[in-house]
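**Q** mmCIF, C-alpha atoms, file structure-v5.cif:
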```
data_coords
loop_
_atom_site.label_atom_id
_atom_site.label_comp_id
_atom_site.auth_asym_id
_atom_site.auth_seq_id
_atom_site.Cartn_x
_atom_site.Cartn_y
_atom_site.Cartn_z
CA MET A 22 23.44 -0.69 -111.74
CA LYS A 23 21.51 -1.58 -108.58
CA LYS A 24 24.13 0.09 -106.39
CA ARG A 25 23.77 3.41 -108.11
CA PRO A 26 20.63 4.66 -106.26
CA ILE A 27 22.31 3.86 -102.94
CA VAL A 28 25.39 5.86 -103.92
CA ILE A 29 23.21 8.79 -105.03
CA ILE A 30 21.25 8.71 -101.75
CA LEU A 31 24.47 8.55 -99.73
CA LEU A 32 25.99 11.47 -101.63
CA ALA A 33 22.79 13.48 -101.19
CA PHE A 34 22.81 12.76 -97.46
CA LEU A 35 26.45 13.77 -97.11
CA SER A 36 25.82 16.95 -99.09
CA LEU A 37 22.84 17.83 -96.87
CA PHE A 38 24.84 17.06 -93.72
CA SER A 39 27.71 19.26 -94.94
CA LEU A 40 25.28 22.07 -95.74
CA ILE A 41 23.75 21.87 -92.26
CA LEU A 42 27.20 22.17 -90.67
CA ILE A 43 28.06 25.27 -92.70
CA PHE A 44 25.34 27.46 -91.14
CA PRO A 45 25.71 28.35 -87.44
CA PHE A 46 22.03 27.98 -86.55
CA SER A 47 21.45 24.60 -88.21
CA ARG A 48 24.81 23.36 -86.90
CA SER A 49 23.80 24.41 -83.38
CA LEU A 50 20.43 22.65 -83.64
CA LEU A 51 21.99 19.42 -84.88
CA ILE A 52 24.81 19.27 -82.35
CA MET A 53 22.73 20.35 -79.35
CA SER A 54 19.89 17.94 -80.22
CA VAL A 55 22.28 14.99 -80.19
CA TYR A 56 24.13 16.23 -77.09
CA SER A 57 20.92 16.89 -75.14
CA ALA A 58 19.47 13.47 -75.99
CA ALA A 59 22.62 11.80 -74.62
CA GLU A 60 22.49 13.89 -71.42
CA ARG A 61 18.80 13.07 -70.82
CA ARG A 62 19.60 9.37 -70.46
CA ASP A 63 21.76 10.07 -67.38
CA SER A 64 19.80 12.98 -65.91
CA VAL A 65 18.34 13.35 -62.42
CA LEU A 66 14.91 13.40 -64.04
CA LYS A 67 15.44 10.07 -65.81
CA LYS A 68 16.93 8.39 -62.75
CA GLU A 69 14.16 9.59 -60.45
CA GLY A 70 11.29 8.90 -62.83
CA PHE A 71 9.80 12.29 -63.65
CA SER A 72 9.81 14.76 -66.48
CA LEU A 73 9.38 18.46 -67.15
CA ASP A 74 7.64 19.92 -70.15
CA LEU A 75 9.02 23.41 -70.79
CA PRO A 76 8.02 25.53 -73.81
CA GLY A 77 10.86 26.43 -76.16
CA GLY A 78 11.23 29.17 -78.75
CA LEU A 79 8.90 27.41 -81.21
CA SER A 80 5.97 27.96 -78.84
CA THR A 81 5.81 31.70 -79.56
CA PRO A 82 5.58 33.67 -82.83
CA GLU A 83 8.31 36.07 -81.68
CA LYS A 84 12.04 35.54 -82.21
CA ASP A 85 12.70 35.30 -78.50
CA TRP A 86 14.15 31.98 -77.38
CA TYR A 87 16.21 29.25 -79.04
CA PRO A 88 13.90 26.40 -80.19
CA LEU A 89 15.34 23.61 -78.03
CA ILE A 90 15.19 22.99 -74.30
CA ILE A 91 18.65 21.50 -73.71
CA THR A 92 19.53 19.03 -70.95
CA PHE A 93 22.91 19.22 -69.21
CA ASN A 94 24.21 17.23 -66.23
CA ALA A 95 26.45 19.45 -64.09
CA ASP A 96 28.63 16.66 -62.69
CA HIS A 97 30.93 18.96 -60.69
CA PHE A 98 28.31 21.06 -58.90
CA GLY A 99 28.40 18.87 -55.77
CA ALA A 100 32.09 19.64 -55.28
CA TYR A 101 31.49 23.35 -55.99
CA ALA A 102 28.66 23.50 -53.41
CA ASP A 103 30.44 21.10 -51.01
CA ARG A 104 27.27 19.05 -50.78
CA PRO A 105 26.40 15.44 -51.78
CA VAL A 106 24.11 16.42 -54.66
CA ASP A 107 23.58 15.88 -58.38
CA LEU A 108 22.36 18.71 -60.61
CA THR A 109 20.61 18.47 -63.96
CA ILE A 110 19.95 21.72 -65.84
CA LEU A 111 17.32 22.28 -68.51
CA TYR A 112 17.81 25.53 -70.36
CA THR A 113 17.43 27.66 -73.42
CA PHE A 114 18.85 31.05 -74.43
CA GLY A 115 18.28 33.93 -76.83
CA ALA A 116 17.25 33.01 -80.38
CA PHE A 117 19.75 33.19 -83.22
CA ASP A 118 19.89 36.52 -85.03
CA PRO A 119 20.13 35.82 -88.80
CA ALA A 120 21.89 39.14 -89.38
CA LEU A 121 24.68 38.21 -86.94
CA GLY A 122 24.77 34.44 -87.40
CA CYS A 123 24.86 33.90 -83.64
CA SER A 124 22.59 33.92 -80.60
CA SER A 125 21.06 37.21 -79.54
CA PHE A 126 22.40 36.58 -76.05
CA TYR A 127 25.66 38.15 -77.28
CA ASN A 128 23.87 41.30 -78.48
CA PRO A 129 23.85 44.24 -76.00
CA ALA A 130 20.93 45.80 -77.92
CA SER A 131 18.74 42.71 -77.48
CA ASN A 132 16.18 42.04 -74.73
CA TYR A 133 17.77 38.58 -74.57
CA HIS A 134 21.33 39.75 -73.97
CA GLY A 135 22.77 37.36 -71.38
CA ALA A 136 19.32 35.80 -70.95
CA PHE A 137 18.50 32.21 -70.04
CA TYR A 138 15.50 30.35 -68.77
CA GLY A 139 14.94 26.76 -67.71
CA ALA A 140 14.92 24.43 -64.71
CA TYR A 141 17.22 22.90 -62.11
CA ALA A 142 16.65 19.42 -60.67
CA ILE A 143 18.88 18.97 -57.61
CA LYS A 144 19.03 15.51 -56.04
CA SER A 145 20.27 15.41 -52.43
CA TYR A 146 21.97 12.37 -50.93
CA ASP A 147 21.76 13.39 -47.28
CA ASP A 148 18.90 14.09 -44.87
CA THR A 149 18.18 17.61 -46.14
CA LEU A 150 16.93 19.03 -49.41
CA TYR A 151 19.34 21.37 -51.19
CA GLY A 152 18.33 25.01 -50.83
CA TYR A 153 16.21 24.53 -47.72
CA HIS A 154 17.04 24.90 -44.03
CA ASN A 155 16.04 22.21 -41.53
CA ASP A 156 12.99 24.27 -40.55
CA GLY A 157 11.72 24.22 -44.15
CA THR A 158 12.58 27.83 -44.95
CA LEU A 159 14.41 28.73 -48.15
CA ASP A 160 18.20 29.01 -48.09
CA VAL A 161 18.73 32.00 -50.38
CA GLU A 162 22.53 31.71 -50.34
CA ALA A 163 22.40 28.09 -51.48
CA MET A 164 20.00 28.97 -54.30
CA ALA A 165 22.22 31.86 -55.38
CA LYS A 166 25.15 29.44 -55.53
CA VAL A 167 23.37 27.42 -58.24
CA PHE A 168 22.90 30.60 -60.27
CA GLN A 169 26.52 31.60 -59.69
CA TYR A 170 27.83 28.18 -60.77
CA ASP A 171 25.66 28.26 -63.87
CA MET A 172 26.67 31.76 -64.95
CA ASN A 173 30.35 31.71 -63.96
CA ILE A 174 31.47 28.15 -64.63
CA LEU A 175 29.10 26.82 -67.24
CA VAL A 176 28.53 29.97 -69.31
CA LEU A 177 31.26 32.58 -68.94
CA GLN A 178 34.24 30.27 -68.44
CA SER A 179 33.10 28.15 -71.39
CA LEU A 180 33.47 31.30 -73.53
CA GLY A 181 36.96 32.09 -72.28
CA CYS A 182 36.25 34.45 -69.37
CA ASP A 183 38.98 33.40 -66.92
CA ASP A 184 37.87 35.32 -63.82
CA PRO A 185 34.07 35.72 -63.95
CA PHE A 186 32.31 38.06 -61.53
CA PHE A 187 29.03 37.44 -59.72
CA ASP A 188 27.14 39.40 -57.09
CA TYR A 189 23.47 39.84 -56.28
CA THR A 190 21.05 41.95 -54.29
CA LEU A 191 17.90 40.27 -53.00
CA LEU A 192 14.84 42.20 -54.15
CA GLY A 193 12.13 40.11 -52.53
CA THR A 194 10.52 36.72 -51.98
CA ALA A 195 7.03 35.42 -52.68
CA LYS A 196 4.96 32.26 -53.27
CA LYS A 197 3.61 31.09 -56.63
CA THR A 198 1.71 28.02 -57.82
CA ILE A 199 2.87 26.36 -61.05
CA ASP A 200 1.08 23.28 -62.38
CA GLY A 201 -0.42 22.66 -58.93
CA TYR A 202 2.88 22.88 -57.03
CA VAL A 203 3.68 25.72 -54.61
CA PHE A 204 7.04 27.39 -55.27
CA ASP A 205 9.12 29.78 -53.18
CA VAL A 206 10.11 32.66 -55.47
CA ILE A 207 13.30 34.72 -55.15
CA ASP A 208 13.82 37.95 -57.10
CA ALA A 209 17.30 39.43 -57.33
CA GLU A 210 19.33 42.02 -59.17
CA VAL A 211 22.43 40.23 -60.42
CA VAL A 212 25.74 41.74 -61.47
CA THR A 213 27.50 39.36 -63.83
CA GLN A 214 29.34 39.84 -67.13
CA SER A 215 28.25 40.18 -70.72
CA PRO A 216 29.08 37.14 -72.91
CA LEU A 217 30.19 39.47 -75.75
CA HIS A 218 33.90 39.21 -76.50
CA THR A 219 36.45 39.22 -79.27
CA VAL A 220 37.09 35.75 -80.69
CA SER A 221 40.76 34.91 -80.22
CA THR A 222 40.59 31.12 -80.06
CA PHE A 223 37.96 28.46 -80.61
CA HIS A 224 35.69 27.42 -77.73
CA PRO A 225 33.33 24.43 -78.00
CA ALA A 226 30.54 26.69 -76.67
CA TYR A 227 30.54 28.34 -80.12
CA TYR A 228 28.87 25.20 -81.48
CA GLN A 229 25.94 26.15 -79.26
CA TYR A 230 25.71 29.94 -79.41
CA GLY A 231 27.66 30.66 -82.58
CA ARG A 232 30.68 32.97 -82.64
CA PRO A 233 30.04 36.51 -81.39
CA LYS A 234 30.18 39.19 -84.08
CA ARG A 235 31.95 42.40 -83.08
CA LEU A 236 29.46 44.90 -84.43
CA PHE A 237 29.35 46.64 -81.07
CA THR A 238 31.86 48.90 -79.35
CA GLN A 239 32.07 47.15 -76.01
CA LYS A 240 34.99 45.69 -74.12
CA ASP A 241 35.20 41.94 -73.62
CA PHE A 242 33.01 40.46 -70.87
CA LYS A 243 31.86 43.85 -69.64
CA LYS A 244 30.03 43.90 -66.30
CA LEU A 245 26.31 43.49 -66.85
CA THR A 246 23.35 44.04 -64.52
CA VAL A 247 20.48 41.62 -65.08
CA TYR A 248 17.39 40.47 -63.20
CA GLY A 249 17.08 36.91 -61.96
CA ARG A 250 14.19 34.90 -60.60
CA ILE A 251 14.28 31.40 -59.09
CA TYR A 252 11.21 29.34 -58.23
CA ALA A 253 11.99 26.51 -55.79
CA SER A 254 9.83 23.64 -54.59
CA GLU A 255 10.43 20.51 -52.53
CA LEU A 256 9.82 17.10 -54.07
CA SER A 257 10.63 15.53 -50.71
CA GLU A 258 9.44 12.03 -51.68
CA LYS A 259 12.20 11.96 -54.30
CA GLY A 260 14.81 13.91 -52.35
CA ILE A 261 14.78 16.59 -55.05
CA THR A 262 14.66 20.36 -55.06
CA LEU A 263 12.96 21.44 -58.28
CA CYS A 264 13.58 24.96 -59.53
CA PHE A 265 12.52 27.01 -62.49
CA TYR A 266 14.71 30.01 -63.22
CA MET A 267 15.11 32.90 -65.61
CA ILE A 268 17.58 35.71 -66.06
CA ALA A 269 17.16 38.71 -68.38
CA PRO A 270 18.51 42.25 -68.80
CA ASP A 271 15.18 43.95 -68.00
CA ARG A 272 12.09 43.26 -65.90
CA ASN A 273 9.67 43.32 -68.85
CA THR A 274 11.47 40.39 -70.49
CA LEU A 275 11.43 38.58 -67.15
CA GLU A 276 7.67 39.04 -66.79
CA THR A 277 7.05 38.02 -70.41
CA CYS A 278 9.06 34.86 -69.86
CA GLU A 279 7.12 34.05 -66.71
CA ARG A 280 3.72 34.40 -68.43
CA GLY A 281 4.69 32.74 -71.70
CA MET A 282 7.04 30.02 -70.49
CA ILE A 283 7.29 29.34 -66.76
CA GLU A 284 3.55 29.44 -66.07
CA LYS A 285 2.97 26.92 -68.88
CA ALA A 286 5.47 24.37 -67.53
CA LYS A 287 4.18 20.86 -66.78
CA ILE A 288 5.59 18.62 -64.04
CA CYS A 289 5.00 14.90 -64.63
CA LEU A 290 5.80 12.63 -61.67
CA ASP A 291 5.73 8.86 -62.33
#
```
What do you get writing this file as structure tokens?

**A**
Amino acid sequence: MKKRPIVIILLAFLSLFSLILIFPFSRSLLIMSVYSAAERRDSVLKKEGFSLDLPGGLSTPEKDWYPLIITFNADHFGAYADRPVDLTILYTFGAFDPALGCSSFYNPASNYHGAFYGAYAIKSYDDTLYGYHNDGTLDVEAMAKVFQYDMNILVLQSLGCDDPFFDYTLLGTAKKTIDGYVFDVIDAEVVTQSPLHTVSTFHPAYYQYGRPKRLFTQKDFKKLTVYGRIYASELSEKGITLCFYMIAPDRNTLETCERGMIEKAKICLD
């Protein structure tokens, strides 16, 4: 008789767990929470003793961004950039649309179509900081390469786009102070590809974004013009280039993200 409550609790837990896995949004939250926690333990931030506090989708009343800020260690970026560096990415993307059962970043009608925002922590293992020339000026091409790697390899290829396209036009540079640190700011118009596509096989990325719903008449991975902004700063004492970044289909969404998210970021050095 004493074992019965334990069995009931176990069955209830298994039923709840099964229910969570049925729904795309709750499944995404569960899987990405566990995955991100594992990645944080081996991140550049953890190894170098600092942290970033970035607002997620729960910080605003609007259905704009996914609730979690996810951590990912891009282990192959050093080979891609042909530099001795490690890259950790913090990111979030468009909120889930209950009507579609997937992230709004698939939706061409959404202000968050193809949109991301987050941070890059790039640890250099030579005498220079990634993204900066020896004279201390910003290396725009190197910064664009991080964006290109993120969009082409980590996003589009993970969804089955075999030959992703990336090009950009520099729109301007500026300076901005965030949490007491001065950042070099790059604005660019980026030509990439829409993540919307017809599902023909399963991709693990669907655990994160959900499966795209074909409610829109658009060809797979159609070329897409978006606006990107990177904020870069030197943490020279740690050998790290710290960047915030955002990418969105229109300038208004970019500016809203800057005011509501980027400007509220906190940098905590130990």

**Q** Run the PyMOL selection byres ((chain A and resi 150) around 8) on the file and write out the hits as a count of residues only.

**A** 14

**Q** Find the distance between CA of Pro88 (chain A) and CA of Pro216 (chain A) and write it in Å to one decimal.

**A**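 These atoms are spaced 20.0 Å apart.
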
**Q** Evaluated on this file, the PyMOL selection byres ((chain A and resi 50-57) around 12) picks out some residues - which ones are they, written as a count of residues only?

**A** 42

**Q** So what does the PyMOL selection byres ((chain A and resi 272) around 10) actually pick up in this one, as a list in words?

**A**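 Listing what the PyMOL selection byres ((chain A and resi 272) around 10) selects in the shown file: Asn132, Glu210, Val247, Tyr248, Gly249, Ile268, Ala269, Pro270, Asp271, Asn273, Thr274, Leu275, Glu276, Thr277 and Cys278 of chain A.
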
**Q** Do a neighbour search on region 167-179 of chain A at 8 Å with all atoms listed in the file, toss out local chain neighbours closer than 2 positions, and write the hits as a PyMOL selection string.

**A** chain A and resi 98+101+163-165+181-187+213-214+216+224-226

**Q** How many Å separate CA of Asp291 (chain A) from CA of Phe71 (chain A)?

**A**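 Atom-to-atom, CA of Asp291 (chain A) to CA of Phe71 (chain A), that is 5.5 Å.
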
**Q** For Tyr202 (chain A), please output as a PyMOL selection string all residues within 12 Å (counting all atoms listed in the file; exclusion window: fewer than 4 positions along the same chain).

**A** chain A and resi 196-198+252-256+263-265+284+286-290

**Q** Taking 5 positions as the minimum chain separation for residues in the same chain, which residues sit within 12 Å of Ser221 (chain A) when counting all atoms listed in the file? Answer as a ChimeraX atom specification.

**A** /A:180-182,232-233,235,241

**Q** Which distance in Å separates CA of Leu192 (chain A) and CA of Met282 (chain A), to one decimal?

**A**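 Pair CA of Leu192 (chain A) / CA of Met282 (chain A) returns 21.8 Å.
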
**Q** For Asp205 (chain A), which of A:Leu217, A:Leu108, A:Val161, A:Ala130 is the closest residue, counting all atoms listed in the file?

**A**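 Of A:Leu217, A:Leu108, A:Val161, A:Ala130, the one nearest Asp205 (chain A) is A:Val161, counting all atoms listed in the file.
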
**Q** In terms of the shortest atom-to-atom distance over only C-alpha atoms, which of A:Lys234, A:Ser80, A:Leu245, A:Gln239 is closest to Pro119 (chain A)?

**A**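 Of all the options, A:Lys234 lies closest to Pro119 (chain A).
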
**Q** Which one of A:Phe242, A:Glu279, A:Ser215, A:Ala95 sits closest to Ser131 (chain A) if you count all atoms listed in the file?

**A** A:Ser215

**Q** Find the residue from A:Tyr127, A:Tyr189, A:Phe204, A:Trp86 that sits nearest to Gly139 (chain A); use all atoms listed in the file when measuring.

**A**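 Distance minimum relative to Gly139 (chain A) lands on A:Trp86.
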